[in-house]
Amino acid sequence: MRDKYDFTAIESKWQKIWEEENAFKTYDDFSKEKYYVLEMFPYPSGKLHMGHVRNYSIGDVVARFKKMAGYNVLHPMGWDSFGLPAENAAIKNGIHPFTWTNQNMNDMREQLKSLGFSYDWDREVATCKPDYYRWMQWIFIQFYKKGLAYKKDNPVNWCPDCQTVLANEQVVDGCCERCHTPVTKKHLSQWYLKITDYADRLLNDLDNMPGWPEKVKAMQKNWIGRSEGAEVTFAIDGFDKDLVVYTTRPDTLFGVTYMVMSPEHPYVAELTEGTEYEAAVKAYVEASAHKSELERTSLTKEKTGEFIGRYAVNPVNGKKVPIYISDYVLMDYGTGAIMAVPAHDQRDFEFAKAFGLDIIPVVDVPDVDLDNLTEAAAAEGTMINSGDYTGMNNKEAIVKITADLEAKGLGHKTINYKLRDWLISRQRYWGTPIPMIWCEKCGWVPEDEHNLPVLLPTDVEFTGKGESPLTTSKTFRQCKCPKCGGDAEREIDTMDTFLDSSWYFLRYCDAHNEDAPFDPEKVNYWMNVDQYIGGVEHAILHLMYARFFQMVIHDLGLAEAEEPFNNLLTQGMVTKGYTDKDGNYIKAKMSKSLGNVVSPQEIQAKYGSDTARLFILFAAPPEKELDWSDEGVEGSYRFLNRVYRLVYEYINDIRGDQTSFPEPVVQNEADKSLNFMINATIKKVSEDAGGRFNFNTAIASIMEFVNEMYKYKQHSEMNLPLFNKAIETLLVVLNPFTPHITEEMWSQLGHEDRLYAKSWPKYDESALVKDEVEVIVQINGKLKDKLLMPNNSSKEATQEAAAGLSKVKEATEGKQIVKVIVVPNKIVNFVVR
RNA sequence: GCGGACGUGGUGGAAUUGGCAGACACGCCAGAUUUAGGUUCUGGUGCUAACGCGUGAAGGUUCGAGUCCUUUCGUCCGCACCA
C-alpha cells in the first residue's frame, strides 16, 4: 500500500474490476424486494457538466445504499439521443447525425464510468436506435387506434429559426425555448396527441402524490389550468348564428356592456362582409396574425380593437351591446369570445376605458367605491342592479343564474382547461418517423405493425430549411397502403423527442425485448420508479408527458401502474460565483458566456472522482442550489486524505500482520465512547442517506467519526479488535459516497469480498445508551447550568439534584418557585417569581 | 396579479418530535512540525470589555419557540390578457 493517496491509480483499478466482475448487473429476480432508482437520462451532447455529476452522484448514492440494504436495485442509464443539435452538426459539418451522436454517447459513457456510477450498462437504451424507436412507433400506433392521435389543420407555433413547429410547452415568453427566436403562428396540418382527454386525471392524481415536491405539483396544476364556469349564449342581432361565450362569472351578466371576439373567430368575416366596418376589421385581423406571440401577450401593451358594427342580445335582460374584436381574447381558450364586464374584470376595465364604453357595477364589493372605480372590483360581494338576483350573495348568484340559463337553453355549466392537445409533428430529420401513411382511397392508415420500424432513410440532404429533410429521400416517401395495397405516401414529419423520453423508464425494465416494447410482467415487477431524480426544468414538459404516457399504457392494459414516479427529487442548480464588470460578486448557473464553468474533467484530474462526488454531496442538501467552491473541494480532498492516512497508519504501524480479530470487548471509557460513535454513525448515515436523502449531514457524521478515531488512536492502550471494527465500519458507511477509495482500502485490509456487495451494517441500540446523561438546568427557560445524571433517573431524583446546584440556589434565593418542569434525561426548568 | 419556496455566524450549512442555537466544513487566528513555503497535527473562532444579546421585523401561545399561530418586510423561482 502506498503512503500517498494515488486516486488516479485506485479509481481506474476499481472501475476495471467492477466491469470485469459485472458488479452492477441487475437480474429480474421477482422473489426479491425491488428498488428502482432513476436519474433523468441525458441528451448526448458529448460532455458531462457539473449538473450531470450532481444528478448522477445523488442517484448513485441511493442505488449503492439500497443495494447494500438488501434491495434488488434497478439503476439504469441511457441516451435521449434524438434531437436538433445532431442535425445542426450535420448541416454545419456534413457529419451524419448518427455518427455525431454515437461518438458523443461513447464519450459520455466513458465519463460516466470514470465517475464510478453503478449502472447496469446491459440495459442501456438509445432512443435514436431502431430497436428503441421501433417500439416508439408501435406505441404511437396504439395511441392512434385508441383515438388519441389525430392530424389536424390548425394555427401552430412556428419557430422561423429552427424551421419547425413547437408545442405550447416549448414556447417560453413568446419565444422558442431552444433558440429564443420570437415564435409566429402558421397554418399547418399536424399530428396531435389528445392529452386533454387526461386533463382531469393528470390533475387529480397530483393530490395523491406525497413524494413529489409541492412546487412541481403546483406548476403542473397551473399548467393544466382547470377553471369552472359556464357557457352563455348571446343572440347576434340580425344574424342567424349565436355568439357563445365562456365565463367564470355568470353572476356579472347584468354588468355586460359589450362583447369581444378574438380576431381569429370564424364569424368575423361573415359578420362584417359588405359593411362599412369590413376594411378596418380586416386590417386589424391581418395585423394580429402577423404579430408574434410575444407582441400579442406583452403586458405593457395598450388594449386595441375594432367595433364590428354588430350588436349582441344579453340573454338575462334583452339589452343590446356592441361587439368588438380584440387580440386580448384568445381563440384557443374557451369559445374564442367573451362577454365584457368592465366593472368586475380588469382587462375589460382597461378596454372600456380606452374605448369609452359603459361600466356598470353589479356586485357590491365591500370597501370599494363603485361610483368611482379606478380598477375592476373582482372580489366577492352582494348582487346589485341585477333584477331578481339583486341582494343575493354573488357566489349563490353564480349557481342560480347558471341553472336558470340552462333551464331556458341559453347556457350551461362547463369546465375549461388551459392545457392544449400535444402537437408532436416536427419538420426535422433526427427523430422517430411518424409511422403513418396517406392513401388517397383510405385516408390516414398506420403502417403494418409487422413492418416496423419505419427506418429513417440515409439518402437525405440537410439544408436546415423548409420541409422535413425526409422529403429529399428518393426512397422514403413512396409506399403501398397497408389497407388497400395501392400507391400511398408516408408521413414525412418526425416525432417530438419528448415522446421518446415519455416511456424510456419502462423500456429499462426489459431493454432488449424484440417482440414487444416490454414484458408487462417485468414492468409490473420493477415499476413504479421508487426514486426519480432530475432537474426542475422538466417540471412541466417531461414529467407531465411521462405521466400521460403511463396512464395511456395502463389503459391499454400493458402495465398496472397509472403513475410512473413514486418519489421525485428535483436537484438544485450548480452555480459558481463570479465578479461582474462593476466588481459585484454574483452567483449564477455555470455557463460559458459568464465564464464561470468548472468542468468535471479538470476536477477529476486534480482531485479524483471520489473527491468530486464527496464535495458535491456534502456542500448542500440535494434539492438546494449548490455554489461551487474551490476551497470546499480542497476540504473534501483533505478529508479523503485523512481517511487514507488513518487506514494506512493502522495497517502499517498498528495492526501489523494480524488480519483477523475476535468480537471486540468494550473495556474502558474510551472504548465505550468509540463504540458509541461506531453505532451512532451507522444509525445517522442509515437515516440520512437511506431515508431523508440528506447526504450532507450523513457525510458530516462520518467526518465526526473520523475525528473521533484520530483522538482514540492517540492514547496508548488501544483496543485493537474494537479499533479494527471502527475502521471497517468507516469504510462500509463511506462506500456509497466514495466507492473507489473505500473499496481499495477494504481490500488492503485483507478482505477478499467487495464492499459493493456487502450488507449495510446494523447498529447496536444498547451501545447508544449512555450510563450518564447531561441534563440541562434552566431558570425561567434560560440555561443556568448542566447536570450529569445516571441514565433514566427518576423525575424526583433529577429535580433534587438540580435544586442542589449552587447556581440554582443563587438564582432562586429569596424568590418563590412557582413550578418545576422535569423531563427526565433532558431538562429541569425552575419557574420562579 | 396568481402559485411555490426561503430568510440562522465572515461563508456553505446543522438543529429529524417545541427542550443546550450554530453540528460538520470553508475561511480566519495562534501554536507545533519544517531551512522556508506548502502539507500535516493541536487549539481557538456568533456578537459584546462586561452584565448580557442573539435565528429578517413586530406581536402571540407555552415552563420553554429557529421550530407552532397572527401580522409584516425582504429574497429567489414558476406562471400570467386563460375571460
# chains A, B, ... in the order shown; residues from 1 in each chain; ligands from 1

call {"tool": "interface_residues", "arguments": {"of": "chain A", "to": "chain B", "cutoff": "6 Å", "atoms": "only C-alpha atoms (C1' of nucleotides)", "output": "PyMOL selection string"}}
result
chain A and resi 215+247+328+632+700+781

call {"tool": "select_by_dssp", "arguments": {"residues": "stretch 606-637 of chain A", "states": "alpha helix (DSSP H)", "output": "list in words"}}
result
Lys606, Tyr607, Ser609, Asp610, Thr611, Ala612, Arg613, Leu614, Phe615, Ile616, Leu617, Phe618, Asp630, Glu631, Gly632, Val633, Glu634, Gly635, Ser636 and Tyr637 of chain A

call {"tool": "write_last_selection", "arguments": {"atoms": "N, CA, C and O atoms", "output": "short mmCIF file (atom, residue, chain, number, x, y, z; two decimals), in the first residue's frame"}}
result
data_model
loop_
_atom_site.label_atom_id
_atom_site.label_comp_id
_atom_site.auth_asym_id
_atom_site.auth_seq_id
_atom_site.Cartn_x
_atom_site.Cartn_y
_atom_site.Cartn_z
N LYS A 606 -7.51 16.67 -11.00
CA LYS A 606 -6.78 17.29 -9.90
C LYS A 606 -7.01 16.56 -8.57
O LYS A 606 -6.09 16.45 -7.76
N TYR A 607 -8.25 16.10 -8.35
CA TYR A 607 -8.58 15.52 -7.04
C TYR A 607 -9.14 14.10 -7.11
O TYR A 607 -9.23 13.43 -6.08
N SER A 609 -12.32 11.32 -8.78
CA SER A 609 -13.79 11.26 -8.83
C SER A 609 -14.40 11.18 -7.44
O SER A 609 -15.47 11.74 -7.19
N ASP A 610 -13.75 10.46 -6.54
CA ASP A 610 -14.31 10.35 -5.19
C ASP A 610 -14.44 11.72 -4.53
O ASP A 610 -15.44 12.02 -3.89
N THR A 611 -13.42 12.55 -4.71
CA THR A 611 -13.48 13.91 -4.13
C THR A 611 -14.60 14.71 -4.78
O THR A 611 -15.35 15.41 -4.09
N ALA A 612 -14.72 14.60 -6.11
CA ALA A 612 -15.77 15.33 -6.81
C ALA A 612 -17.14 14.93 -6.28
O ALA A 612 -17.99 15.78 -5.99
N ARG A 613 -17.36 13.63 -6.14
CA ARG A 613 -18.64 13.14 -5.64
C ARG A 613 -18.88 13.60 -4.21
O ARG A 613 -19.97 14.07 -3.86
N LEU A 614 -17.85 13.46 -3.38
CA LEU A 614 -17.99 13.81 -1.98
C LEU A 614 -18.33 15.28 -1.79
O LEU A 614 -19.24 15.65 -1.06
N PHE A 615 -17.61 16.12 -2.50
CA PHE A 615 -17.86 17.56 -2.36
C PHE A 615 -19.29 17.91 -2.77
O PHE A 615 -20.00 18.63 -2.07
N ILE A 616 -19.68 17.37 -3.92
CA ILE A 616 -20.99 17.74 -4.48
C ILE A 616 -22.12 17.27 -3.57
O ILE A 616 -23.18 17.89 -3.49
N LEU A 617 -21.90 16.18 -2.84
CA LEU A 617 -22.93 15.68 -1.93
C LEU A 617 -22.88 16.36 -0.58
O LEU A 617 -23.87 16.42 0.14
N PHE A 618 -21.70 16.86 -0.24
CA PHE A 618 -21.52 17.43 1.10
C PHE A 618 -21.87 18.92 1.17
O PHE A 618 -22.33 19.40 2.19
N ASP A 630 -13.95 26.28 -4.69
CA ASP A 630 -12.67 25.59 -4.85
C ASP A 630 -12.11 25.19 -3.49
O ASP A 630 -11.53 24.12 -3.34
N GLU A 631 -12.29 26.05 -2.49
CA GLU A 631 -11.81 25.74 -1.14
C GLU A 631 -12.57 24.55 -0.56
O GLU A 631 -11.99 23.71 0.13
N GLY A 632 -13.87 24.51 -0.88
CA GLY A 632 -14.68 23.40 -0.41
C GLY A 632 -14.21 22.07 -0.98
O GLY A 632 -14.18 21.05 -0.29
N VAL A 633 -13.84 22.08 -2.24
CA VAL A 633 -13.33 20.86 -2.88
C VAL A 633 -12.04 20.43 -2.18
O VAL A 633 -11.83 19.25 -1.90
N GLU A 634 -11.18 21.42 -1.91
CA GLU A 634 -9.94 21.14 -1.18
C GLU A 634 -10.26 20.44 0.15
O GLU A 634 -9.56 19.51 0.55
N GLY A 635 -11.29 20.92 0.81
CA GLY A 635 -11.67 20.36 2.11
C GLY A 635 -12.09 18.90 1.98
O GLY A 635 -11.70 18.07 2.81
N SER A 636 -12.86 18.60 0.93
CA SER A 636 -13.29 17.22 0.73
C SER A 636 -12.09 16.32 0.42
O SER A 636 -12.00 15.18 0.88
N TYR A 637 -11.17 16.86 -0.37
CA TYR A 637 -9.97 16.13 -0.72
C TYR A 637 -9.12 15.87 0.53
O TYR A 637 -8.60 14.78 0.75
#

call {"tool": "residues_around", "arguments": {"residues": "stretch 414-424 of chain A", "least_positions_apart": "4", "cutoff": "9 Å", "atoms": "only C-alpha atoms (C1' of nucleotides)", "output": "PyMOL selection string"}}
result
(chain A and resi 156+165-169+190-197+199+222-231+246+332-334+494-499+545) or (chain B and resi 82)

call {"tool": "select_by_dssp", "arguments": {"residues": "stretch 239-452 of chain A", "states": "strand (DSSP E)", "output": "ChimeraX atom specification"}}
result
/A:242-247,258-261,306-313,320-325,337-340,363-364,382-383,411-416,422-423,425-426,436-439,443-446

call {"tool": "residues_around", "arguments": {"residues": "B:G66", "least_positions_apart": "6", "cutoff": "9 Å", "atoms": "only C-alpha atoms (C1' of nucleotides)", "output": "list in words"}}
result
U8, A15, A21 and U55 of chain B

call {"tool": "write_last_selection", "arguments": {"atoms": "N, CA and C atoms (P, O5', C5', C4', C3', O3' and C1' of nucleotides)", "output": "JSON list (two decimals), in the first residue's frame"}}
result
[["chain", "number", "residue", "atom", "x", "y", "z"],
["B", 8, "U", "P", -30.45, 33.67, 6.58],
["B", 8, "U", "O5'", -30.43, 33.11, 8.05],
["B", 8, "U", "C5'", -30.70, 33.97, 9.15],
["B", 8, "U", "C4'", -30.23, 33.32, 10.42],
["B", 8, "U", "C3'", -28.73, 33.15, 10.54],
["B", 8, "U", "O3'", -28.12, 34.34, 11.03],
["B", 8, "U", "C1'", -29.82, 31.14, 11.17],
["B", 15, "A", "P", -30.71, 19.05, 10.19],
["B", 15, "A", "O5'", -31.05, 19.48, 11.69],
["B", 15, "A", "C5'", -30.54, 18.72, 12.77],
["B", 15, "A", "C4'", -30.78, 19.45, 14.05],
["B", 15, "A", "C3'", -32.20, 19.97, 14.23],
["B", 15, "A", "O3'", -33.07, 18.94, 14.64],
["B", 15, "A", "C1'", -30.66, 21.63, 14.84],
["B", 21, "A", "P", -29.54, 27.35, 24.26],
["B", 21, "A", "O5'", -29.50, 27.35, 22.67],
["B", 21, "A", "C5'", -28.26, 27.43, 22.02],
["B", 21, "A", "C4'", -28.37, 26.73, 20.70],
["B", 21, "A", "C3'", -27.07, 26.76, 19.91],
["B", 21, "A", "O3'", -26.33, 25.60, 20.20],
["B", 21, "A", "C1'", -28.86, 27.57, 18.57],
["B", 55, "U", "P", -32.98, 36.25, 17.39],
["B", 55, "U", "O5'", -32.86, 35.41, 16.05],
["B", 55, "U", "C5'", -32.04, 35.91, 14.99],
["B", 55, "U", "C4'", -31.98, 34.86, 13.89],
["B", 55, "U", "C3'", -33.36, 34.49, 13.34],
["B", 55, "U", "O3'", -33.23, 34.31, 11.96],
["B", 55, "U", "C1'", -32.25, 32.56, 14.08]]

call {"tool": "residues_around", "arguments": {"residues": "stretch 796-800 of chain A", "least_positions_apart": "5", "cutoff": "10 Å", "atoms": "only C-alpha atoms (C1' of nucleotides)", "output": "PDB file with N, CA, C and O atoms, in the first residue's frame"}}
result
ATOM      1  N   VAL A 775     -28.070  16.695  31.786  1.00  0.00           N
ATOM      2  CA  VAL A 775     -29.399  17.289  31.917  1.00  0.00           C
ATOM      3  C   VAL A 775     -29.241  18.808  31.976  1.00  0.00           C
ATOM      4  O   VAL A 775     -28.391  19.331  32.701  1.00  0.00           O
ATOM      5  N   VAL A 777     -30.200  22.467  32.995  1.00  0.00           N
ATOM      6  CA  VAL A 777     -30.921  23.087  34.109  1.00  0.00           C
ATOM      7  C   VAL A 777     -31.212  24.542  33.752  1.00  0.00           C
ATOM      8  O   VAL A 777     -30.311  25.318  33.446  1.00  0.00           O
ATOM      9  N   LEU A 787     -26.081  19.290  34.353  1.00  0.00           N
ATOM     10  CA  LEU A 787     -26.050  18.307  35.419  1.00  0.00           C
ATOM     11  C   LEU A 787     -25.807  16.936  34.813  1.00  0.00           C
ATOM     12  O   LEU A 787     -26.427  16.577  33.816  1.00  0.00           O
ATOM     13  N   LEU A 788     -24.867  16.185  35.401  1.00  0.00           N
ATOM     14  CA  LEU A 788     -24.626  14.825  34.926  1.00  0.00           C
ATOM     15  C   LEU A 788     -25.433  13.871  35.794  1.00  0.00           C
ATOM     16  O   LEU A 788     -25.222  13.812  37.001  1.00  0.00           O
ATOM     17  N   MET A 789     -26.358  13.141  35.200  1.00  0.00           N
ATOM     18  CA  MET A 789     -27.218  12.232  35.953  1.00  0.00           C
ATOM     19  C   MET A 789     -27.085  10.822  35.399  1.00  0.00           C
ATOM     20  O   MET A 789     -26.866  10.639  34.216  1.00  0.00           O
ATOM     21  N   PRO A 790     -27.245   9.821  36.284  1.00  0.00           N
ATOM     22  CA  PRO A 790     -27.332   8.454  35.774  1.00  0.00           C
ATOM     23  C   PRO A 790     -28.493   8.366  34.803  1.00  0.00           C
ATOM     24  O   PRO A 790     -29.521   9.015  34.999  1.00  0.00           O
ATOM     25  N   LEU A 805     -27.778  22.387  42.963  1.00  0.00           N
ATOM     26  CA  LEU A 805     -26.697  23.113  42.282  1.00  0.00           C
ATOM     27  C   LEU A 805     -26.570  24.522  42.839  1.00  0.00           C
ATOM     28  O   LEU A 805     -27.579  25.193  43.090  1.00  0.00           O
ATOM     29  N   VAL A 820     -41.982  23.540  38.718  1.00  0.00           N
ATOM     30  CA  VAL A 820     -40.762  22.909  38.204  1.00  0.00           C
ATOM     31  C   VAL A 820     -41.149  21.915  37.110  1.00  0.00           C
ATOM     32  O   VAL A 820     -41.993  21.049  37.331  1.00  0.00           O
ATOM     33  N   ILE A 821     -40.561  22.093  35.948  1.00  0.00           N
ATOM     34  CA  ILE A 821     -40.790  21.156  34.845  1.00  0.00           C
ATOM     35  C   ILE A 821     -39.597  20.218  34.785  1.00  0.00           C
ATOM     36  O   ILE A 821     -38.457  20.681  34.723  1.00  0.00           O
ATOM     37  N   VAL A 822     -39.854  18.917  34.827  1.00  0.00           N
ATOM     38  CA  VAL A 822     -38.758  17.957  34.709  1.00  0.00           C
ATOM     39  C   VAL A 822     -39.052  16.995  33.567  1.00  0.00           C
ATOM     40  O   VAL A 822     -40.090  16.340  33.554  1.00  0.00           O
ATOM     41  N   VAL A 823     -38.154  16.980  32.619  1.00  0.00           N
ATOM     42  CA  VAL A 823     -38.204  15.944  31.583  1.00  0.00           C
ATOM     43  C   VAL A 823     -36.982  15.069  31.800  1.00  0.00           C
ATOM     44  O   VAL A 823     -35.867  15.507  31.553  1.00  0.00           O
ATOM     45  N   PRO A 824     -37.177  13.851  32.332  1.00  0.00           N
ATOM     46  CA  PRO A 824     -36.034  13.008  32.668  1.00  0.00           C
ATOM     47  C   PRO A 824     -35.076  12.845  31.479  1.00  0.00           C
ATOM     48  O   PRO A 824     -35.515  12.782  30.335  1.00  0.00           O
ATOM     49  N   ASN A 825     -33.792  12.796  31.803  1.00  0.00           N
ATOM     50  CA  ASN A 825     -32.717  12.665  30.813  1.00  0.00           C
ATOM     51  C   ASN A 825     -32.532  13.903  29.951  1.00  0.00           C
ATOM     52  O   ASN A 825     -31.710  13.907  29.053  1.00  0.00           O
ATOM     53  N   LYS A 826     -33.349  14.935  30.200  1.00  0.00           N
ATOM     54  CA  LYS A 826     -33.267  16.073  29.294  1.00  0.00           C
ATOM     55  C   LYS A 826     -33.120  17.411  29.997  1.00  0.00           C
ATOM     56  O   LYS A 826     -32.156  18.124  29.795  1.00  0.00           O
ATOM     57  N   ILE A 827     -34.111  17.735  30.819  1.00  0.00           N
ATOM     58  CA  ILE A 827     -34.186  19.125  31.234  1.00  0.00           C
ATOM     59  C   ILE A 827     -34.892  19.281  32.584  1.00  0.00           C
ATOM     60  O   ILE A 827     -35.783  18.501  32.932  1.00  0.00           O
ATOM     61  N   VAL A 828     -34.429  20.270  33.375  1.00  0.00           N
ATOM     62  CA  VAL A 828     -35.161  20.709  34.555  1.00  0.00           C
ATOM     63  C   VAL A 828     -35.322  22.210  34.422  1.00  0.00           C
ATOM     64  O   VAL A 828     -34.356  22.923  34.156  1.00  0.00           O
ATOM     65  N   ASN A 829     -36.565  22.666  34.530  1.00  0.00           N
ATOM     66  CA  ASN A 829     -36.802  24.101  34.412  1.00  0.00           C
ATOM     67  C   ASN A 829     -37.509  24.604  35.664  1.00  0.00           C
ATOM     68  O   ASN A 829     -38.621  24.191  35.967  1.00  0.00           O
ATOM     69  N   PHE A 830     -36.859  25.515  36.403  1.00  0.00           N
ATOM     70  CA  PHE A 830     -37.468  26.135  37.580  1.00  0.00           C
ATOM     71  C   PHE A 830     -38.149  27.425  37.156  1.00  0.00           C
ATOM     72  O   PHE A 830     -37.501  28.304  36.580  1.00  0.00           O
TER      73      PHE A 830
END

call {"tool": "atom_distance", "arguments": {"atom1": "atom CA of A:Phe82", "atom2": "atom CA of A:Ser473"}}
result
19.0 Å

call {"tool": "residues_around", "arguments": {"residues": "A:Pro469", "least_positions_apart": "5", "cutoff": "9 Å", "atoms": "only C-alpha atoms (C1' of nucleotides)", "output": "NGL selection string"}}
result
:A and (427-429 or 460-464 or 492-493)

call {"tool": "write_last_selection", "arguments": {"atoms": "N, CA and C atoms", "output": "PDB file, in the first residue's frame"}}
result
ATOM      1  N   GLN A 427     -40.772  19.107 -38.263  1.00  0.00           N
ATOM      2  CA  GLN A 427     -40.287  19.077 -39.647  1.00  0.00           C
ATOM      3  C   GLN A 427     -38.774  18.900 -39.649  1.00  0.00           C
ATOM      4  N   ARG A 428     -38.356  17.815 -38.994  1.00  0.00           N
ATOM      5  CA  ARG A 428     -36.922  17.583 -38.850  1.00  0.00           C
ATOM      6  C   ARG A 428     -36.600  16.152 -39.227  1.00  0.00           C
ATOM      7  N   TYR A 429     -35.323  15.885 -39.404  1.00  0.00           N
ATOM      8  CA  TYR A 429     -34.876  14.546 -39.766  1.00  0.00           C
ATOM      9  C   TYR A 429     -34.639  13.673 -38.540  1.00  0.00           C
ATOM     10  N   VAL A 460     -30.595  11.507 -47.460  1.00  0.00           N
ATOM     11  CA  VAL A 460     -31.276  12.792 -47.318  1.00  0.00           C
ATOM     12  C   VAL A 460     -30.264  13.929 -47.335  1.00  0.00           C
ATOM     13  N   GLU A 461     -30.777  15.121 -47.644  1.00  0.00           N
ATOM     14  CA  GLU A 461     -29.923  16.303 -47.623  1.00  0.00           C
ATOM     15  C   GLU A 461     -30.290  17.144 -46.419  1.00  0.00           C
ATOM     16  N   PHE A 462     -29.293  17.717 -45.784  1.00  0.00           N
ATOM     17  CA  PHE A 462     -29.537  18.581 -44.631  1.00  0.00           C
ATOM     18  C   PHE A 462     -29.288  20.027 -45.015  1.00  0.00           C
ATOM     19  N   THR A 463     -30.386  20.748 -45.161  1.00  0.00           N
ATOM     20  CA  THR A 463     -30.232  22.143 -45.546  1.00  0.00           C
ATOM     21  C   THR A 463     -30.641  23.065 -44.404  1.00  0.00           C
ATOM     22  N   GLY A 464     -31.439  22.544 -43.503  1.00  0.00           N
ATOM     23  CA  GLY A 464     -31.913  23.385 -42.409  1.00  0.00           C
ATOM     24  C   GLY A 464     -33.047  24.300 -42.806  1.00  0.00           C
ATOM     25  N   ILE A 492     -43.984  12.545 -43.600  1.00  0.00           N
ATOM     26  CA  ILE A 492     -42.562  12.899 -43.648  1.00  0.00           C
ATOM     27  C   ILE A 492     -42.096  13.643 -42.403  1.00  0.00           C
ATOM     28  N   ASP A 493     -43.017  13.968 -41.509  1.00  0.00           N
ATOM     29  CA  ASP A 493     -42.589  14.609 -40.259  1.00  0.00           C
ATOM     30  C   ASP A 493     -42.135  13.550 -39.261  1.00  0.00           C
TER      31      ASP A 493
END

call {"tool": "atom_distance", "arguments": {"atom1": "atom CA of A:Arg64", "atom2": "atom CA of A:Asp120"}}
result
12.0 Å

call {"tool": "residues_around", "arguments": {"residues": "stretch 29-43 of chain A", "least_positions_apart": "2", "cutoff": "7 Å", "atoms": "only C-alpha atoms (C1' of nucleotides)", "output": "NGL selection string"}}
result
:A and (27 or 45 or 55-56 or 59 or 63 or 71-81 or 525-526 or 529-534)

call {"tool": "atom_distance", "arguments": {"atom1": "atom CA of A:Ser701", "atom2": "atom CA of A:Asp753"}}
result
25.8 Å

call {"tool": "decode", "arguments": {"residues": "stretch 63-74 of chain B", "atoms": "N, CA and C atoms (P, O5', C5', C4', C3', O3' and C1' of nucleotides)", "output": "CSV table (one decimal), in the first residue's frame"}}
result
chain,number,residue,atom,x,y,z
B,63,C,P,-47.4,27.5,30.7
B,63,C,O5',-45.9,27.7,30.9
B,63,C,C5',-45.4,28.4,32.1
B,63,C,C4',-43.9,28.2,32.2
B,63,C,C3',-43.1,28.4,30.9
B,63,C,O3',-42.8,29.8,30.7
B,63,C,C1',-42.5,26.4,31.9
B,64,G,P,-42.9,30.4,29.2
B,64,G,O5',-41.8,29.5,28.5
B,64,G,C5',-40.4,29.8,28.7
B,64,G,C4',-39.6,28.8,28.0
B,64,G,C3',-39.8,28.8,26.5
B,64,G,O3',-39.0,29.9,25.9
B,64,G,C1',-39.7,26.6,27.3
B,65,A,P,-39.6,30.5,24.6
B,65,A,O5',-39.5,29.3,23.5
B,65,A,C5',-38.3,28.8,23.1
B,65,A,C4',-38.2,28.7,21.6
B,65,A,C3',-38.2,30.0,20.9
B,65,A,O3',-37.5,29.9,19.7
B,65,A,C1',-40.1,28.8,20.2
B,66,G,P,-35.9,30.1,19.7
B,66,G,O5',-35.6,30.1,18.2
B,66,G,C5',-36.0,31.2,17.3
B,66,G,C4',-36.0,30.7,15.9
B,66,G,C3',-37.2,29.8,15.5
B,66,G,O3',-38.3,30.6,15.2
B,66,G,C1',-35.2,28.9,14.8
B,67,U,P,-39.8,30.1,15.6
B,67,U,O5',-39.9,28.6,15.1
B,67,U,C5',-39.9,28.4,13.7
B,67,U,C4',-40.0,26.9,13.5
B,67,U,C3',-41.3,26.2,14.0
B,67,U,O3',-41.8,25.3,13.1
B,67,U,C1',-39.4,25.2,15.1
B,68,C,P,-43.0,25.8,12.2
B,68,C,O5',-44.2,25.9,13.3
B,68,C,C5',-45.0,24.8,13.6
B,68,C,C4',-46.2,25.2,14.4
B,68,C,C3',-46.8,26.5,14.0
B,68,C,O3',-47.7,26.3,13.0
B,68,C,C1',-46.4,26.5,16.4
B,69,C,P,-48.0,27.5,11.9
B,69,C,O5',-48.9,28.5,12.8
B,69,C,C5',-50.2,28.1,13.2
B,69,C,C4',-50.9,29.3,13.9
B,69,C,C3',-50.8,30.6,13.2
B,69,C,O3',-51.8,30.7,12.2
B,69,C,C1',-50.1,31.0,15.4
B,70,U,P,-51.6,31.6,10.9
B,70,U,O5',-51.7,33.1,11.5
B,70,U,C5',-52.9,33.6,12.0
B,70,U,C4',-52.7,35.0,12.5
B,70,U,C3',-52.1,36.0,11.5
B,70,U,O3',-53.0,36.5,10.5
B,70,U,C1',-51.0,36.3,13.6
B,71,U,P,-52.4,36.8,9.1
B,71,U,O5',-51.6,38.2,9.3
B,71,U,C5',-52.3,39.4,9.7
B,71,U,C4',-51.3,40.4,10.1
B,71,U,C3',-50.3,40.8,9.1
B,71,U,O3',-50.8,41.7,8.1
B,71,U,C1',-49.2,40.5,11.2
B,72,U,P,-50.2,41.7,6.7
B,72,U,O5',-48.7,42.2,6.9
B,72,U,C5',-48.5,43.6,7.3
B,72,U,C4',-47.1,43.8,7.6
B,72,U,C3',-46.1,43.6,6.4
B,72,U,O3',-46.0,44.7,5.6
B,72,U,C1',-45.3,42.5,8.4
B,73,C,P,-45.7,44.4,4.1
B,73,C,O5',-44.1,44.4,4.1
B,73,C,C5',-43.3,45.5,4.5
B,73,C,C4',-41.9,45.1,4.7
B,73,C,C3',-41.2,44.4,3.5
B,73,C,O3',-40.8,45.4,2.6
B,73,C,C1',-40.7,43.2,5.4
B,74,G,P,-40.8,45.0,1.0
B,74,G,O5',-39.6,44.0,0.9
B,74,G,C5',-38.3,44.4,1.2
B,74,G,C4',-37.3,43.3,1.3
B,74,G,C3',-37.2,42.3,0.1
B,74,G,O3',-36.4,42.9,-0.9
B,74,G,C1',-37.4,41.0,2.1
